[in-house]
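Listing of my_file.tsv, TSV, C-alpha atoms
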```tsv
chain	number	residue	atom	x	y	z
A	7	MET	CA	-30.23	43.59	-58.77
A	8	LEU	CA	-29.47	39.95	-58.16
A	9	ASP	CA	-30.05	38.98	-54.56
A	10	THR	CA	-28.88	35.57	-53.50
A	11	ASP	CA	-28.16	33.63	-50.35
A	12	SER	CA	-25.15	31.51	-49.48
A	13	GLU	CA	-25.19	28.38	-47.37
A	14	ASP	CA	-21.61	28.78	-46.24
A	15	GLU	CA	-18.93	31.01	-47.52
A	16	GLY	CA	-15.54	31.13	-49.58
A	17	GLY	CA	-11.62	33.38	-53.76
A	18	GLY	CA	-5.98	35.40	-56.79
A	19	SER	CA	-4.06	35.38	-59.46
A	20	SER	CA	-5.07	33.08	-62.27
A	21	SER	CA	-4.44	32.18	-65.85
A	22	GLY	CA	-7.92	33.11	-67.09
A	23	SER	CA	-8.58	35.53	-69.89
A	24	GLY	CA	-11.74	37.11	-68.46
A	25	GLN	CA	-12.33	40.81	-67.99
A	26	ARG	CA	-11.25	42.23	-64.64
A	27	THR	CA	-12.88	45.06	-62.79
A	28	PRO	CA	-10.73	47.58	-60.85
A	29	GLU	CA	-9.80	46.52	-57.33
A	30	LEU	CA	-11.91	48.08	-54.61
A	31	ASP	CA	-10.57	50.83	-52.37
A	32	VAL	CA	-12.80	49.65	-49.54
A	33	LYS	CA	-12.35	46.32	-47.76
A	34	ALA	CA	-14.50	44.61	-45.17
A	35	SER	CA	-13.81	46.08	-41.74
A	36	LEU	CA	-14.61	46.04	-38.04
A	37	GLU	CA	-16.67	49.19	-38.52
A	38	MET	CA	-18.93	47.41	-41.00
A	39	CYS	CA	-19.57	44.59	-38.53
A	40	ILE	CA	-20.33	47.05	-35.74
A	41	TYR	CA	-22.73	48.92	-38.01
A	42	ALA	CA	-24.53	45.70	-38.96
A	43	LEU	CA	-24.98	44.69	-35.32
A	44	ASP	CA	-26.06	48.21	-34.40
A	45	LEU	CA	-28.84	47.92	-36.96
A	46	LEU	CA	-29.91	44.44	-35.91
A	47	THR	CA	-29.85	45.27	-32.19
A	48	GLU	CA	-31.89	48.42	-32.74
A	49	GLU	CA	-34.40	46.60	-34.95
A	50	LEU	CA	-34.97	43.84	-32.39
A	51	ASN	CA	-35.17	46.38	-29.59
A	52	LEU	CA	-37.80	48.47	-31.40
A	53	ASN	CA	-39.90	45.44	-32.25
A	54	GLY	CA	-39.64	43.82	-28.86
A	55	GLY	CA	-38.21	40.51	-30.07
A	56	GLU	CA	-39.62	37.26	-28.76
A	57	GLY	CA	-38.79	34.70	-26.11
A	58	ASP	CA	-37.31	35.34	-22.66
A	59	ASP	CA	-36.59	38.70	-21.10
A	60	GLU	CA	-33.41	39.94	-22.76
A	61	ARG	CA	-32.79	43.16	-20.87
A	62	GLY	CA	-29.37	41.86	-19.89
A	63	VAL	CA	-28.35	41.90	-23.52
A	64	MET	CA	-29.85	45.32	-24.12
A	65	ASP	CA	-28.44	47.07	-21.04
A	66	GLY	CA	-26.15	49.94	-21.94
A	67	MET	CA	-27.30	50.04	-25.56
A	68	ASP	CA	-28.91	53.48	-25.36
A	69	GLY	CA	-27.72	55.79	-28.10
A	70	ILE	CA	-27.13	53.13	-30.72
A	71	LYS	CA	-29.67	54.63	-33.09
A	72	GLU	CA	-27.96	58.01	-33.13
A	73	GLU	CA	-24.50	56.52	-33.52
A	74	GLN	CA	-25.42	54.18	-36.36
A	75	GLN	CA	-26.55	57.01	-38.65
A	76	GLU	CA	-22.97	58.16	-39.08
A	77	VAL	CA	-21.08	56.13	-41.67
A	78	PRO	CA	-17.69	56.80	-43.27
A	79	GLU	CA	-18.01	59.13	-46.23
A	80	ILE	CA	-16.26	56.64	-48.51
A	81	TRP	CA	-19.06	54.11	-47.96
A	82	LYS	CA	-21.49	56.57	-49.54
A	83	HIS	CA	-19.39	56.74	-52.72
A	84	THR	CA	-18.41	53.09	-53.10
A	85	GLU	CA	-20.28	50.52	-55.18
A	86	CYS	CA	-19.59	46.82	-54.70
A	87	GLY	CA	-21.10	43.41	-54.17
A	88	LEU	CA	-21.70	42.63	-50.52
A	89	PHE	CA	-22.88	39.77	-48.32
A	90	VAL	CA	-23.80	39.71	-44.63
A	91	THR	CA	-23.53	36.37	-42.83
A	92	TYR	CA	-24.73	35.43	-39.36
A	93	ASN	CA	-23.44	32.35	-37.56
A	94	LYS	CA	-24.68	31.03	-34.22
A	95	LYS	CA	-22.65	29.07	-31.68
A	96	ASN	CA	-24.26	25.78	-30.71
A	97	HIS	CA	-23.99	23.92	-27.40
A	98	ARG	CA	-20.75	22.26	-28.56
A	99	GLY	CA	-19.17	25.62	-29.31
A	100	ASP	CA	-19.34	25.17	-33.09
A	101	TRP	CA	-20.51	27.92	-35.42
A	102	ARG	CA	-23.53	27.12	-37.57
A	103	LEU	CA	-25.02	29.24	-40.32
A	104	ARG	CA	-27.98	31.35	-39.14
A	105	GLY	CA	-28.51	33.57	-42.18
A	106	CYS	CA	-26.66	34.85	-45.23
A	107	ILE	CA	-27.95	37.14	-47.96
A	108	GLY	CA	-26.33	39.75	-50.18
A	109	THR	CA	-25.96	41.00	-53.70
A	110	LEU	CA	-23.48	40.24	-56.47
A	111	THR	CA	-24.40	43.43	-58.29
A	112	LYS	CA	-22.38	46.58	-57.66
A	113	THR	CA	-24.51	48.51	-55.18
A	114	ASN	CA	-23.96	51.53	-52.98
A	115	LEU	CA	-22.03	50.15	-50.00
A	116	SER	CA	-23.82	52.18	-47.35
A	117	ASN	CA	-27.27	51.21	-48.63
A	118	ALA	CA	-26.32	47.56	-49.21
A	119	LEU	CA	-24.93	47.15	-45.69
A	120	LYS	CA	-27.98	48.81	-44.16
A	121	THR	CA	-30.28	46.52	-46.17
A	122	TYR	CA	-28.56	43.15	-45.85
A	123	ALA	CA	-27.63	43.51	-42.18
A	124	LEU	CA	-31.35	43.12	-41.50
A	125	VAL	CA	-32.44	40.98	-44.45
A	126	ALA	CA	-29.83	38.31	-43.71
A	127	ALA	CA	-30.94	38.17	-40.07
A	128	LEU	CA	-34.68	38.37	-40.51
A	129	ARG	CA	-35.63	37.27	-44.04
A	130	ASP	CA	-33.43	34.35	-45.03
A	131	HIS	CA	-36.13	31.89	-46.10
A	132	ARG	CA	-34.10	28.93	-44.82
A	133	PHE	CA	-34.30	30.07	-41.20
A	134	GLU	CA	-36.64	31.59	-38.67
A	135	PRO	CA	-35.91	35.29	-38.02
A	136	ILE	CA	-33.16	35.90	-35.48
A	137	GLN	CA	-34.54	36.87	-32.06
A	138	GLN	CA	-33.15	38.83	-29.14
A	139	GLY	CA	-32.47	35.66	-27.17
A	140	GLU	CA	-29.90	34.59	-29.76
A	141	LEU	CA	-27.85	37.77	-29.91
A	142	GLU	CA	-25.16	36.80	-27.41
A	143	LYS	CA	-24.48	33.59	-29.39
A	144	LEU	CA	-24.15	35.35	-32.75
A	145	GLN	CA	-21.24	36.20	-34.98
A	146	VAL	CA	-21.62	38.57	-37.92
A	147	GLY	CA	-19.46	38.51	-41.04
A	148	VAL	CA	-19.36	41.15	-43.76
A	149	SER	CA	-17.91	40.23	-47.17
A	150	VAL	CA	-17.05	42.92	-49.73
A	151	LEU	CA	-16.74	41.47	-53.23
A	152	SER	CA	-14.39	42.53	-56.02
A	153	ARG	CA	-12.41	41.37	-59.09
A	154	PHE	CA	-15.14	39.65	-61.04
A	155	GLU	CA	-13.67	37.64	-63.94
A	156	SER	CA	-15.15	35.23	-66.46
A	157	CYS	CA	-13.55	31.79	-66.26
A	158	LYS	CA	-12.45	30.00	-69.39
A	159	VAL	CA	-15.40	28.50	-71.22
A	160	GLY	CA	-15.70	24.76	-70.68
A	161	VAL	CA	-13.08	24.74	-67.90
A	162	LEU	CA	-14.31	23.91	-64.40
A	163	ASN	CA	-11.04	24.50	-62.56
A	164	ASP	CA	-10.11	27.99	-63.76
A	165	TRP	CA	-10.32	29.31	-60.21
A	166	ARG	CA	-8.49	28.79	-56.93
A	167	ILE	CA	-10.09	26.94	-54.02
A	168	GLY	CA	-10.07	29.09	-50.88
A	169	ARG	CA	-9.48	32.30	-52.80
A	170	HIS	CA	-12.22	32.68	-55.38
A	171	GLY	CA	-15.96	32.77	-55.00
A	172	LEU	CA	-18.01	31.50	-57.92
A	173	ILE	CA	-21.11	32.54	-59.80
A	174	MET	CA	-22.55	29.63	-61.75
A	175	GLU	CA	-25.00	29.98	-64.60
A	176	CYS	CA	-26.28	27.08	-66.67
A	177	THR	CA	-29.01	26.77	-69.28
A	178	TYR	CA	-29.81	23.11	-69.84
A	179	ARG	CA	-32.81	21.66	-71.64
A	180	ASN	CA	-34.47	25.07	-71.76
A	181	LYS	CA	-34.13	25.64	-68.03
A	182	ARG	CA	-31.81	28.15	-66.39
A	183	TYR	CA	-29.95	27.55	-63.13
A	184	SER	CA	-27.80	29.99	-61.18
A	185	ALA	CA	-26.14	30.14	-57.77
A	186	THR	CA	-23.09	31.45	-55.96
A	187	PHE	CA	-20.71	30.41	-53.22
A	188	LEU	CA	-18.49	32.89	-51.40
A	189	PRO	CA	-14.74	32.16	-51.39
A	190	GLU	CA	-14.72	30.22	-48.12
A	191	VAL	CA	-17.22	27.56	-49.10
A	192	ALA	CA	-15.24	25.06	-51.16
A	193	LYS	CA	-12.33	25.03	-48.72
A	194	GLU	CA	-14.53	24.71	-45.63
A	195	GLN	CA	-16.51	21.87	-47.19
A	196	ASN	CA	-13.38	20.16	-48.55
A	197	TRP	CA	-14.77	20.09	-52.09
A	198	ASP	CA	-12.67	19.87	-55.24
A	199	HIS	CA	-13.43	21.99	-58.31
A	200	GLN	CA	-16.02	19.69	-59.87
A	201	GLU	CA	-17.72	18.92	-56.57
A	202	THR	CA	-18.12	22.65	-56.00
A	203	VAL	CA	-19.74	23.11	-59.39
A	204	VAL	CA	-22.08	20.19	-58.74
A	205	HIS	CA	-23.13	21.72	-55.42
A	206	LEU	CA	-23.73	25.03	-57.18
A	207	LEU	CA	-26.01	23.25	-59.64
A	208	ARG	CA	-27.90	21.64	-56.77
A	209	LYS	CA	-28.17	24.95	-54.97
A	210	GLY	CA	-29.48	26.50	-58.18
A	211	GLY	CA	-32.29	23.97	-58.27
A	212	TYR	CA	-31.03	21.26	-60.64
A	213	ASP	CA	-31.93	17.81	-59.29
A	214	GLY	CA	-31.20	15.58	-62.27
A	215	SER	CA	-28.22	13.43	-63.20
A	216	ILE	CA	-24.82	15.07	-63.51
A	217	THR	CA	-23.64	14.43	-67.05
A	218	SER	CA	-20.85	15.72	-69.26
A	219	ASP	CA	-23.44	17.47	-71.44
A	220	LEU	CA	-24.73	19.31	-68.38
A	221	LEU	CA	-21.27	20.35	-67.22
A	222	ASP	CA	-20.41	21.59	-70.72
A	223	CYS	CA	-23.27	24.10	-70.37
A	224	VAL	CA	-21.91	25.59	-67.14
A	225	LYS	CA	-20.51	29.12	-67.23
A	226	LEU	CA	-18.48	30.38	-64.29
A	227	VAL	CA	-17.49	33.81	-63.04
A	228	ARG	CA	-14.91	33.96	-60.28
A	229	TYR	CA	-14.50	36.77	-57.79
A	230	GLN	CA	-12.60	37.62	-54.64
A	231	SER	CA	-13.69	39.10	-51.36
A	232	THR	CA	-12.43	40.54	-48.12
A	233	LYS	CA	-14.25	39.45	-44.99
A	234	TYR	CA	-14.38	40.65	-41.41
A	235	GLN	CA	-16.13	38.84	-38.57
A	236	LEU	CA	-17.20	39.99	-35.11
A	237	GLU	CA	-18.81	38.09	-32.25
A	238	TYR	CA	-21.68	39.78	-30.45
A	239	THR	CA	-19.96	39.52	-27.07
A	240	GLU	CA	-17.01	41.50	-28.43
A	241	TYR	CA	-19.40	43.94	-30.05
A	242	LEU	CA	-20.99	44.64	-26.67
A	243	LYS	CA	-17.61	45.57	-25.21
A	244	LEU	CA	-16.94	47.93	-28.11
A	245	VAL	CA	-20.34	49.60	-27.74
A	246	MET	CA	-19.84	50.10	-24.02
A	247	ALA	CA	-16.47	51.71	-24.69
A	248	ARG	CA	-17.98	53.88	-27.43
A	249	ASN	CA	-20.78	55.09	-25.15
A	250	LYS	CA	-18.35	55.81	-22.33
A	251	LYS	CA	-16.16	57.87	-24.65
A	252	ARG	CA	-19.18	59.80	-25.88
A	253	GLU	CA	-20.27	60.55	-22.30
A	254	GLU	CA	-16.78	61.80	-21.43
A	255	GLU	CA	-16.76	64.04	-24.49
A	256	GLU	CA	-20.16	65.44	-23.55
A	257	LYS	CA	-18.91	66.23	-20.04
A	258	VAL	CA	-15.98	68.14	-21.51
A	259	VAL	CA	-18.34	70.14	-23.70
A	260	VAL	CA	-20.55	70.98	-20.71
A	261	LYS	CA	-17.52	72.12	-18.68
A	262	GLU	CA	-16.37	74.37	-21.51
A	263	GLU	CA	-19.84	75.89	-21.80
A	264	ILE	CA	-19.89	76.56	-18.05
A	265	LYS	CA	-16.51	78.34	-18.30
A	266	VAL	CA	-17.73	80.46	-21.18
A	267	ASN	CA	-20.91	81.45	-19.37
A	268	ALA	CA	-19.23	82.06	-16.01
```
Could you render the structure as structure tokens?
Amino acid sequence: MLDTDSEDEGGGSSSGSGQRTPELDVKASLEMCIYALDLLTEELNLNGGEGDDERGVMDGMDGIKEEQQEVPEIWKHTECGLFVTYNKKNHRGDWRLRGCIGTLTKTNLSNALKTYALVAALRDHRFEPIQQGELEKLQVGVSVLSRFESCKVGVLNDWRIGRHGLIMECTYRNKRYSATFLPEVAKEQNWDHQETVVHLLRKGGYDGSITSDLLDCVKLVRYQSTKYQLEYTEYLKLVMARNKKREEEEKVVVKEEIKVNA
């Protein structure tokens, strides 16, 4: 399985002749974001986190562990590429990348989400692990990938900026380079097609001169994704509502049992 990280994110119809995989039945959703934050919150709670006392963040979070075990049945039977991205709001109110890791390989959705919700937060080598004190400033994004297609050989613009993500592979002077950007990246960074490819080469570890011979060796695969994002403050509201609903349902069950036993 190819695991890779993305520094920012970004995928259509096209004129390419590559092979297309069937479109996914499952798209990124609010439920996936809630599940990811359930997992991260529970992990930090179990391990104590670091920094200041964060009980304010954790208040009312009892029962998360039990709730998070239940996932939609379709997740258990869906295979796809998936990325989890965490952004953190800085003092100016801007979002900055805090972690992003996923897989381009078709993987069981339920297992992939459970894995990368934590790996992206705690094991992205570019960042320190996320701590409890950061939770209220976080935003999670889940990207579900689909429609992988080979771009035309030797053509760097056989994909649409803002719609397609890219997988770049290049073997040059007996060295192999590979990297990916999600569909949002090129548009957010205001890159054109060639600039995006150059940044992919740099991300893949190439630090030499950009020449026509090098670019002729580049092979591209384009893909699309659906993405859903959720801020932690909104997540807290949803969890509180979920717990309240569960408590009300439990009260109803108790009342019914009392009637039966009366």
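Within 9 Å of the point (-21.5, 40.3, -51.7) in file coordinates, and counting only C-alpha atoms, lie the residues Thr10, Cys86, Gly87, Leu88, Phe89, Val90, Ile107, Gly108, Thr109, Leu110, Thr111, Lys112, Val148, Ser149, Val150, Leu151, Ser152, Leu188 and Ser231 of chain A.
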Suppose we keep C-alpha atoms; can you now write the selection as a compact mmCIF listing (two decimals), keeping the file's coordinate frame?
```
# COMPACT_ATOMS: atom_id res chain seq x y z
CA THR A 10 -28.88 35.57 -53.50
CA CYS A 86 -19.59 46.82 -54.70
CA GLY A 87 -21.10 43.41 -54.17
CA LEU A 88 -21.70 42.63 -50.52
CA PHE A 89 -22.88 39.77 -48.32
CA VAL A 90 -23.80 39.71 -44.63
CA ILE A 107 -27.95 37.14 -47.96
CA GLY A 108 -26.33 39.75 -50.18
CA THR A 109 -25.96 41.00 -53.70
CA LEU A 110 -23.48 40.24 -56.47
CA THR A 111 -24.40 43.43 -58.29
CA LYS A 112 -22.38 46.58 -57.66
CA VAL A 148 -19.36 41.15 -43.76
CA SER A 149 -17.91 40.23 -47.17
CA VAL A 150 -17.05 42.92 -49.73
CA LEU A 151 -16.74 41.47 -53.23
CA SER A 152 -14.39 42.53 -56.02
CA LEU A 188 -18.49 32.89 -51.40
CA SER A 231 -13.69 39.10 -51.36
```
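The environment of A:Cys176 within 7 Å, counting all atoms listed in the file and disregarding residues fewer than 6 places along the same chain, consists of A:Arg182, A:Tyr183, A:Ser184, A:Cys223, A:Val224, A:Lys225.
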Quiz prompt | Selection as a list in words: residues within 9 Å of (-29.4, 33.9, -43.8), counting all atoms listed in the file | solution = Asp11, Ser12, Glu13, Val90, Thr91, Tyr92, Asn93, Leu103, Arg104, Gly105, Cys106, Ile107, Val125, Ala126, Ala127, Leu128, Arg129, Asp130, His131, Arg132, Phe133 and Pro135 of chain A
Exercise. Have a look at A:Met246, A:Val77, A:Leu226, A:Ala185 and name the one nearest to A:Gly211; count only C-alpha atoms.
Key: A:Ala185
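Between atom CA of A:Tyr122 and atom CA of A:Val146 the separation is 11.5 Å.
Of note, atom CA of A:Lys94 and atom CA of A:Asn51 are spaced 19.2 Å apart.
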Exercise. Find the distance between atom CA of A:Thr47 and atom CA of A:Gln137 and write it in Å to one decimal.
Key: 9.6 Å
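Among A:Leu220, A:Trp81, A:His97, A:Ala247, the residue with the shortest atom-to-atom distance to A:Asn180, counting only C-alpha atoms, is A:Leu220.
Contact shell of A:Asn114 at 7 Å (only C-alpha atoms; same-chain neighbours under 6 positions omitted): Lys82, His83, Thr84, Glu85 and Cys86 of chain A.
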Quiz item: Which residue gives the smallest distance to A:Ala118 among A:Asp164, A:Arg252, A:Asp213, A:Met38, with only C-alpha atoms counted?
Solution: A:Met38
Quiz item: Residues at most 12 Å from A:Leu244, counting all atoms listed in the file, excluding those fewer than 6 positions away in the same chain, as a PyMOL selection string?
Solution: chain A and resi 36-37+39-41+43-44+66-67+70+236-238+250-251
